[in-house]
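K.L.:
Dumping the structure here so I can ask a few things about it.
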Amino acid sequence: PEAIEHSERCERNEPRLVTHDRYGNRVDEVELDPSWHWLLREAVEREITSLPWRDPQPGAHVARAGLFLVWSQTNAGMMCPVSMTYAVIPALREEPDVAADWEPLLTKPDYAAGALAGMAMTEKQGGSDVRANTTRAEPLGVGWFELWGHKWFCSYPPCEVFLTLAQTEAGLSCFLFESKDPGFRIQRLKEKLGTRSLPSSEVEYAGVRARLVGEEGRGVATIIRMVNHTRLDCMLGSSAGMRWGTVQAIHHARNRAAFGKQLSEQPAMQNVLADLAIESEAATATAFRIARAYDEADSAAPFRRFATAVMKYWICKRAPGHANEALEAHGGNGYVEESGLPRLYRDSPLNSIWEGSGNVAALDVLRAMMKEPDGLPAFFAEVKEAAGADARLDAHIEKVASDIAKLGEGDPQWAARKLVEDLALALQASVLVRSAPPAVADAFCAGRLGDGGSAFGTLPKGIDSAAILERALPA
């Protein structure tokens, strides 16, 4: 309850940008409610920003994923700097001197004495096409540059350091700079649909001193090491929203009567709730399987990279519809701010946009199929771990393989989204068949690979909804 109260308070008291002090000096400070700092402090001190790097034991990324999933259910916006700080470490390690300076601070589980990291890539003229960036980096000396340009989206400008992209003579390169640099100018805060507690900004670089990270001209290859980890967190964040919405819907239905019967005892509502529950479990279980791949040896890298792109697309794409259905299950009460469901609904599209919108993610999968030949076979090897366990899954795997073989018959981009959707469903079904109770796995295969409909609440007959709901939220 305390965390929820803090979350609601910082949502009500949105960030405010102060560009100048009383004497006209440029200060570029973002005023944040104390409840924001309370939530972020708890995340840092519980090592959600740092656990796998501070204590790299087997399973550390999975343990950290569990922490992220739970804490995301308090406030989605606050998890943005948490995610970026966690994700920046692999990119920093491309430049050992930079990592030596900043990794101890970024992994310190002390909110006051440590540091947070951010990322700023997008420019107004290019959006996801970062190779169209015009921000330039002028050399100052060995490893040091001066940045001139802008970024159209810069989330959480109070971060102590940022990774960014700028053009050098060698091409697009990755740099680290400190936000206290006087050339770092916050132009304004964004008025956004959701995550309104999170200050997202437009910034300009007016001679910002920055250090090169990684090889000059290979900025995308460097920063993608950060992006892969933030994409994992996109999955986890969307899974967290689904979990919260599912629990709220089940709880409401068990405590609300209509037409002479508890809602939770009415077959139509049971179908909706069971459908929400299996979607939530499929998202969570698959995200955790991918988190485990980040704990595994380098031999897991092909599966890890390919599955991250596939599941980032699908889990994040499913979240808004799931949030809408959870809200609708409450009737008019779900449309009222006090229920918390409107905020869930507003926040739910973010992860499908952040780190690459749907088309970008789907095209990433196509690119990986062509340029990283180990990825698709590794993905299918994982999916086929469940071969023979469910005839519907076996048939689906065969169909996906056939569709891939026919990609060359037309424009692959036209079919990209459907292909990635089918790949995602194959992995989710495989994970559930191997790890979930039979009632959950059977319902998922029936509803997603069998005769289920497009909307939530259209599972076919024969589903054990009672077992599914009891697992999702014990009565």
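We label chains A, B, ... in the order they appear in the structure tokens, count residues from 1 in each chain, and number ligands from 1 in the order shown.
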Write out as a PyMOL selection string the residues lying within 8 Å of range 286-288 of chain A, counting only C-alpha atoms and excluding same-chain residues fewer than 5 positions away.
P.N.:
chain A and resi 62+65+232+235-236+239+311+427-428+431
K.L.:
Give me every helix (DSSP H, G or I) residue in range 215-441 of chain A, going by DSSP on the backbone, as a PyMOL selection string.
P.N.:
chain A and resi 219-254+263-265+267-295+298-328+331-335+337-339+341-347+350-353+358-371+375-386+391-405+407-409+412-435+438-441
K.L.:
Residues of range 194-267 of chain A within 8 Å of range 165-188 of chain A: nearest atom pair and distance (Å, one decimal) for each, counting only C-alpha atoms, sorted by chain and number, as a Markdown table?
P.N.:
| residue | atom | partner | partner_atom | distance |
| --- | --- | --- | --- | --- |
| A:Ser201 | CA | A:Arg188 | CA | 5.7 |
| A:Glu202 | CA | A:Gln187 | CA | 5.4 |
| A:Val203 | CA | A:Ile186 | CA | 4.5 |
| A:Glu204 | CA | A:Arg185 | CA | 5.1 |
| A:Tyr205 | CA | A:Phe184 | CA | 5.2 |
| A:Ala206 | CA | A:Gly183 | CA | 4.5 |
| A:Gly207 | CA | A:Gly183 | CA | 5.3 |
| A:Val208 | CA | A:Gly183 | CA | 4.8 |
| A:Arg209 | CA | A:Phe177 | CA | 6.4 |
| A:Ala210 | CA | A:Phe177 | CA | 4.5 |
| A:Arg211 | CA | A:Leu176 | CA | 5.2 |
| A:Leu212 | CA | A:Phe175 | CA | 4.5 |
| A:Val213 | CA | A:Phe175 | CA | 5.2 |
| A:Gly214 | CA | A:Cys174 | CA | 6.8 |
| A:Glu215 | CA | A:Ser173 | CA | 7.4 |
| A:Glu216 | CA | A:Ser173 | CA | 5.2 |
| A:Gly217 | CA | A:Gly171 | CA | 4.2 |
| A:Arg218 | CA | A:Ser173 | CA | 5.5 |
| A:Gly219 | CA | A:Ser173 | CA | 3.6 |
| A:Val220 | CA | A:Ser173 | CA | 7.0 |
| A:Thr222 | CA | A:Cys174 | CA | 6.6 |
| A:Ile223 | CA | A:Cys174 | CA | 6.6 |
K.L.:
May I have the residues from that selection written out with C-alpha atoms, as a compact mmCIF listing (two decimals), in the first residue's frame?
P.N.:
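Written output follows (part.txt):
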# COMPACT_ATOMS: atom_id res chain seq x y z
CA SER A 201 12.41 15.76 -22.74
CA GLU A 202 13.77 17.41 -25.85
CA VAL A 203 17.41 18.40 -25.46
CA GLU A 204 20.15 20.24 -27.32
CA TYR A 205 23.89 19.71 -27.29
CA ALA A 206 25.80 22.98 -27.41
CA GLY A 207 29.40 21.85 -27.17
CA VAL A 208 28.86 18.95 -24.76
CA ARG A 209 32.13 17.18 -23.89
CA ALA A 210 31.78 13.45 -24.49
CA ARG A 211 33.90 10.31 -24.46
CA LEU A 212 33.90 7.83 -27.30
CA VAL A 213 32.50 4.41 -26.34
CA GLY A 214 33.44 1.55 -28.62
CA GLU A 215 34.87 1.83 -32.10
CA GLU A 216 34.40 5.09 -33.99
CA GLY A 217 31.88 4.64 -36.79
CA ARG A 218 30.25 1.65 -35.08
CA GLY A 219 27.94 3.48 -32.73
CA VAL A 220 24.87 1.40 -33.50
CA THR A 222 27.89 -0.46 -29.51
CA ILE A 223 24.62 0.96 -28.26
K.L.:
Under the rule that only C-alpha atoms are counted, which of A:Phe306, A:Phe444, A:Phe379, A:Tyr313 is the nearest residue to Ala401 in chain A?
P.N.:
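Of the candidates, the smallest distance to Ala401 in chain A is held by A:Phe379.
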K.L.:
Mind pulling up the distance from CA of Leu51 in chain A to CA of Pro1 in chain A?
P.N.:
25.1 Å
K.L.:
Compile the contact shell of Leu327 in chain A as an MDAnalysis selection string: residues with an atom at most 12 Å away, counting only C-alpha atoms, same-chain residues fewer than 2 positions apart removed.
P.N.:
chainID A and resid 241:242 244:250 252:253 272:273 276 320:325 329:337 339:346 348
K.L.:
As a list of chain:residue names, please: the residues near range 354-365 of chain A (cut-off 9 Å, only C-alpha atoms, same-chain neighbours under 6 positions excluded).
P.N.:
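Final neighbour list, sorted by chain and number: A:Ser128, A:Val227, A:Asn228, A:Thr230, A:Arg231, A:Cys234, A:Phe306, A:Ala307, A:Ala309, A:Val310, A:Lys312, A:Tyr313, A:Trp314, A:Cys316, A:Lys317, A:Gln413, A:Ala416, A:Arg417, A:Lys418, A:Leu419, A:Val420, A:Glu421.
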K.L.:
Could you turn the residues from that selection into a file that holds C-alpha atoms, as a PDB file, in the first residue's frame?
P.N.:
ATOM      1  CA  SER A 128      13.883   5.142 -35.490  1.00  0.00           C
ATOM      2  CA  VAL A 227      19.138  -1.788 -26.431  1.00  0.00           C
ATOM      3  CA  ASN A 228      18.941  -5.586 -26.195  1.00  0.00           C
ATOM      4  CA  THR A 230      16.160  -2.562 -22.450  1.00  0.00           C
ATOM      5  CA  ARG A 231      14.092  -4.632 -24.874  1.00  0.00           C
ATOM      6  CA  CYS A 234      10.084  -3.826 -22.299  1.00  0.00           C
ATOM      7  CA  PHE A 306      16.576 -13.577 -32.005  1.00  0.00           C
ATOM      8  CA  ALA A 307      14.034 -14.319 -29.276  1.00  0.00           C
ATOM      9  CA  ALA A 309      13.420  -9.223 -31.043  1.00  0.00           C
ATOM     10  CA  VAL A 310      10.499 -11.613 -31.575  1.00  0.00           C
ATOM     11  CA  LYS A 312       9.623  -7.667 -27.641  1.00  0.00           C
ATOM     12  CA  TYR A 313       7.315  -7.212 -30.617  1.00  0.00           C
ATOM     13  CA  TRP A 314       4.597  -9.582 -29.470  1.00  0.00           C
ATOM     14  CA  CYS A 316       4.424  -5.389 -25.927  1.00  0.00           C
ATOM     15  CA  LYS A 317       1.895  -5.458 -28.774  1.00  0.00           C
ATOM     16  CA  GLN A 413       8.186  -7.019 -45.341  1.00  0.00           C
ATOM     17  CA  ALA A 416       6.756  -9.593 -41.425  1.00  0.00           C
ATOM     18  CA  ARG A 417       4.256  -8.939 -38.654  1.00  0.00           C
ATOM     19  CA  LYS A 418       2.287 -12.144 -39.188  1.00  0.00           C
ATOM     20  CA  LEU A 419       5.472 -14.170 -39.307  1.00  0.00           C
ATOM     21  CA  VAL A 420       6.794 -12.671 -36.069  1.00  0.00           C
ATOM     22  CA  GLU A 421       3.413 -13.190 -34.397  1.00  0.00           C
TER      23      GLU A 421
END
K.L.:
Let me make sure I understand: among A:Pro139, A:Gly410, A:Gly118, A:Gly237, which one has the smallest atom-to-atom distance to Leu67 in chain A if we use only C-alpha atoms?
P.N.:
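Of A:Pro139, A:Gly410, A:Gly118, A:Gly237, the one nearest Leu67 in chain A, counting only C-alpha atoms, is A:Gly237.
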K.L.:
Using only C-alpha atoms, find the one residue out of A:Ala387, A:Val98, A:Ala113, A:Leu198 that sits nearest to Glu11 in chain A.
P.N.:
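Checking each candidate against Glu11 in chain A, we get A:Leu198 as the closest.
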K.L.:
Can you work out which one of A:Ser7, A:Asn351, A:Ser454, A:Gln270 has the shortest atom-to-atom distance to Ala467 in chain A, counting only C-alpha atoms?
P.N.:
A:Gln270
K.L.:
Write out as a ChimeraX atom specification the set of residues from range 150-299 of chain A that DSSP, computed on the backbone, places in strand (DSSP E or B).
P.N.:
/A:150-155,161-168,171-178,184-189,200-213,257-258,261-262
K.L.:
Please, could you write that set of residues out with C-alpha atoms as a short mmCIF file (atom, residue, chain, number, x, y, z; two decimals), in the first residue's frame?
P.N.:
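Saved to again-v6.cif:
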data_model
loop_
_atom_site.label_atom_id
_atom_site.label_comp_id
_atom_site.auth_asym_id
_atom_site.auth_seq_id
_atom_site.Cartn_x
_atom_site.Cartn_y
_atom_site.Cartn_z
CA HIS A 150 19.76 17.78 -30.59
CA LYS A 151 17.76 14.76 -29.44
CA TRP A 152 13.99 14.71 -29.82
CA PHE A 153 13.44 12.18 -27.03
CA CYS A 154 15.59 12.05 -23.92
CA SER A 155 13.95 10.18 -21.06
CA VAL A 161 25.32 10.14 -17.53
CA PHE A 162 23.95 9.35 -20.98
CA LEU A 163 24.89 7.28 -23.96
CA THR A 164 24.13 9.02 -27.24
CA LEU A 165 24.86 8.82 -30.95
CA ALA A 166 26.59 11.43 -33.11
CA GLN A 167 28.31 11.60 -36.48
CA THR A 168 32.11 11.68 -36.78
CA GLY A 171 30.29 7.64 -39.27
CA LEU A 172 27.72 7.27 -36.50
CA SER A 173 29.48 6.70 -33.17
CA CYS A 174 28.51 6.15 -29.54
CA PHE A 175 29.45 8.60 -26.79
CA LEU A 176 29.05 9.05 -23.05
CA PHE A 177 28.53 12.47 -21.50
CA GLU A 178 27.59 13.85 -18.11
CA PHE A 184 23.45 20.01 -22.15
CA ARG A 185 20.24 22.04 -22.56
CA ILE A 186 16.76 20.79 -21.73
CA GLN A 187 14.38 22.50 -24.14
CA ARG A 188 11.08 21.26 -22.75
CA LEU A 189 9.32 18.27 -21.18
CA SER A 200 10.73 12.87 -21.01
CA SER A 201 12.41 15.76 -22.74
CA GLU A 202 13.77 17.41 -25.85
CA VAL A 203 17.41 18.40 -25.46
CA GLU A 204 20.15 20.24 -27.32
CA TYR A 205 23.89 19.71 -27.29
CA ALA A 206 25.80 22.98 -27.41
CA GLY A 207 29.40 21.85 -27.17
CA VAL A 208 28.86 18.95 -24.76
CA ARG A 209 32.13 17.18 -23.89
CA ALA A 210 31.78 13.45 -24.49
CA ARG A 211 33.90 10.31 -24.46
CA LEU A 212 33.90 7.83 -27.30
CA VAL A 213 32.50 4.41 -26.34
CA ALA A 257 -22.54 -9.72 -8.14
CA ALA A 258 -24.76 -9.04 -11.13
CA LYS A 261 -24.72 -14.30 -9.34
CA GLN A 262 -21.09 -13.48 -8.69
#
K.L.:
For Ala439 in chain A, which residue out of A:Asp374, A:Glu398, A:Glu382, A:Asp275 is the nearest one, using only C-alpha atoms?
P.N.:
A:Asp275
K.L.:
Report as JSON, numbers by chain all protein, DNA and RNA residues lying within 12 Å of Pro34 in chain A, evaluated on only C-alpha atoms, omitting residues in the same chain fewer than 2 positions from it.
P.N.:
{"A": [5, 6, 7, 8, 9, 10, 11, 12, 13, 14, 15, 31, 32, 36, 37, 38, 39, 40, 41, 197]}
K.L.:
If you count only C-alpha atoms, which residues fall within 6 Å of Met226 in chain A, apart from same-chain ones fewer than 6 positions away, as an MDAnalysis selection string?
P.N.:
chainID A and resid 87:88 91
K.L.:
What does the distance from CA of Phe303 in chain A to CA of Glu385 in chain A come to in Å, to one decimal?
P.N.:
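So the answer is 13.3 Å.
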